[in-house]
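Below is one structure, written out as structure tokens; comments come after it.
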Amino acid sequence: AQKVTQAQTEISVVEKEDVTLDCVYETRDTTYYLFWYKQPPSGELVFLIRRNSFDEQNEISGRYSWNFQKSTSSFNFTITASQVVDSAVYFCALSEIGDYKLSFGAGTTVTVRA
Amino acid sequence: NAGVMQNPRHLVRRRGQEARLRCSPMKGHSHVYWYRQLPEEGLKFMVYLQKENIIDESGMPKERFSAEFPKEGPSILRIQQVVRGDSAAYFCASSLSTDPGTSPLHFGNGTRLTVT
């Protein structure tokens, strides 16, 4: 069985601070995909990144960066120089390769104050 | 190319009524998935359908819930005799294939069901 844990329920920061969201996962498979989604207050789900278990290279996209550590089963997400528009719920998800089902964490609510 | 379209965006039903949620997948996508998001929780898989077939309904409650994806028209998630515990956001997603690595899920904006 696969499981995704986002231990941080809520994080509140002031604009321009960095914020790191933790994601720890469990899976019996050696091959799998990891995802991050953003859910802004309007409610839709916005895909941010997909990473497969073969690729442990960290990734940066603008102010977003992801740190994949297979040894600790973690896939953490950092927003650098946060902005008010980053306020949202962020979900980490896991899918075993060959399985169409995504297992989502409970989400972390990020509030960025001006 | 329009994304996954869900309607209605918000739905209010009294206890005991029926709720019908619609989902039109992205053009060319034949795989449809329904997920439910209870308050303060992540999304949970409910059902996976291809045209005219239910492939996996392992996440669907055994009673009152049903889903279909007819040859023509949108996929429908139907909840009969709704109860307060059914209040949630219901998301539909579609994909070209079943491998999320090569064919990621595209989610709709969700339908927020409130049972009064």
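Scheme for the structure tokens: letters A, B, ... for chains in order shown; per-chain residue numbers from 1; ligand numbers from 1 in order shown.
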At a cut-off of 8 Å, can you tabulate as a Markdown table every residue of chain B near chain A together with its closest atom pair and the distance in Å to one decimal, using only C-alpha atoms and ordering rows by chain then number?
| residue | atom | partner | partner_atom | distance |
| --- | --- | --- | --- | --- |
| B:Glu40 | CA | A:Ala106 | CA | 7.1 |
| B:Glu41 | CA | A:Ala106 | CA | 4.7 |
| B:Gly42 | CA | A:Ala106 | CA | 4.1 |
| B:Leu43 | CA | A:Phe104 | CA | 5.8 |
| B:Lys44 | CA | A:Ser103 | CA | 7.0 |
| B:Phe45 | CA | A:Lys101 | CA | 6.7 |
| B:Thr98 | CA | A:Tyr100 | CA | 5.2 |
| B:Asp99 | CA | A:Gly98 | CA | 5.7 |
| B:Pro100 | CA | A:Tyr100 | CA | 6.2 |
| B:Gly101 | CA | A:Tyr33 | CA | 6.7 |
| B:His106 | CA | A:Phe47 | CA | 8.0 |
| B:Phe107 | CA | A:Leu45 | CA | 6.3 |
| B:Gly108 | CA | A:Glu44 | CA | 6.8 |
| B:Asn109 | CA | A:Glu44 | CA | 4.3 |
| B:Gly110 | CA | A:Glu44 | CA | 6.6 |
Go ahead and save the picked residues with N, CA and C atoms, as a short mmCIF file (atom, residue, chain, number, x, y, z; two decimals), in the first residue's frame.
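What ended up in part_30.cif:
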data_model
loop_
_atom_site.label_atom_id
_atom_site.label_comp_id
_atom_site.auth_asym_id
_atom_site.auth_seq_id
_atom_site.Cartn_x
_atom_site.Cartn_y
_atom_site.Cartn_z
N GLU B 40 -10.82 19.41 4.55
CA GLU B 40 -9.53 19.29 5.25
C GLU B 40 -8.76 18.01 4.87
N GLU B 41 -9.11 17.38 3.79
CA GLU B 41 -8.40 16.16 3.39
C GLU B 41 -7.90 16.25 1.96
N GLY B 42 -7.01 15.34 1.61
CA GLY B 42 -6.56 15.24 0.23
C GLY B 42 -7.59 14.50 -0.61
N LEU B 43 -7.30 14.42 -1.89
CA LEU B 43 -8.22 13.75 -2.80
C LEU B 43 -8.10 12.23 -2.65
N LYS B 44 -9.25 11.57 -2.77
CA LYS B 44 -9.26 10.11 -2.69
C LYS B 44 -9.89 9.57 -3.98
N PHE B 45 -9.23 8.58 -4.56
CA PHE B 45 -9.72 7.95 -5.79
C PHE B 45 -11.06 7.28 -5.55
N THR B 98 -3.22 5.30 -19.38
CA THR B 98 -3.31 5.06 -17.94
C THR B 98 -1.98 5.23 -17.22
N ASP B 99 -0.93 5.59 -17.93
CA ASP B 99 0.37 5.76 -17.29
C ASP B 99 0.56 7.24 -16.96
N PRO B 100 0.49 7.59 -15.67
CA PRO B 100 0.63 9.01 -15.31
C PRO B 100 2.00 9.58 -15.62
N GLY B 101 2.95 8.72 -15.91
CA GLY B 101 4.27 9.22 -16.26
C GLY B 101 4.33 9.79 -17.66
N HIS B 106 -5.28 15.34 -16.13
CA HIS B 106 -5.74 16.72 -16.21
C HIS B 106 -7.03 16.80 -15.40
N PHE B 107 -7.02 17.65 -14.38
CA PHE B 107 -8.18 17.76 -13.51
C PHE B 107 -9.10 18.89 -13.95
N GLY B 108 -10.39 18.68 -13.70
CA GLY B 108 -11.36 19.76 -13.86
C GLY B 108 -11.36 20.64 -12.63
N ASN B 109 -12.22 21.64 -12.63
CA ASN B 109 -12.30 22.59 -11.52
C ASN B 109 -13.09 22.06 -10.34
N GLY B 110 -13.71 20.92 -10.50
CA GLY B 110 -14.42 20.32 -9.38
C GLY B 110 -15.86 20.77 -9.26
#
**Request:** Write out as a ChimeraX atom specification each polymer residue whose atoms come within 9 Å of Ser65 in chain A, counting only C-alpha atoms; drop sequence neighbours fewer than 6 positions from it.
**Result:** /A:58-59,76-80
**Request:** Could you give me, as a PyMOL selection string, the residues within 12 Å of range 53-63 of chain B, counting only C-alpha atoms and dropping anything in the same chain fewer than 2 positions from it?
**Result:** (chain A and resi 99-103) or (chain B and resi 30-36+43-51+65-71+75-83+85-86+98)
**Message:** At a cut-off of 12 Å, using only C-alpha atoms, what residues contact Asp86 in chain A? Leave out same-chain residues fewer than 5 positions from it and give the result as a VMD selection string.
**Reply:** chain A and resid 11 to 19 38 to 41 63 to 64 78 to 81 109 to 114
**Request:** Considering only C-alpha atoms, state which residue in the set B:Leu11, B:Leu96, B:Leu21, B:Ala89 is at the smallest distance from Gln37 in chain B.
**Result:** B:Ala89
**Request:** Considering only C-alpha atoms, state which residue in the set B:Pro74, B:Val4, B:Cys92, B:Thr114 is at the smallest distance from Gln17 in chain B.
**Result:** B:Thr114
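Nearest residue to Arg20 in chain B, choosing from B:Ser103, B:Asn7, B:Ser97, B:Ser87 and counting only C-alpha atoms: B:Asn7.
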**Message:** Excluding Arg112 in chain B and its own-chain neighbours fewer than 5 positions away, which residues fall within 9 Å of it when counting only C-alpha atoms? Please give them as a PyMOL selection string.
**Reply:** chain B and resi 8-12+87-91
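Rounded to one decimal, CA of Arg84 in chain B and CA of Thr111 in chain B lie 15.6 Å from each other.
Between CA of Ser71 in chain A and CA of Gln8 in chain A the interatomic distance comes to 20.7 Å.
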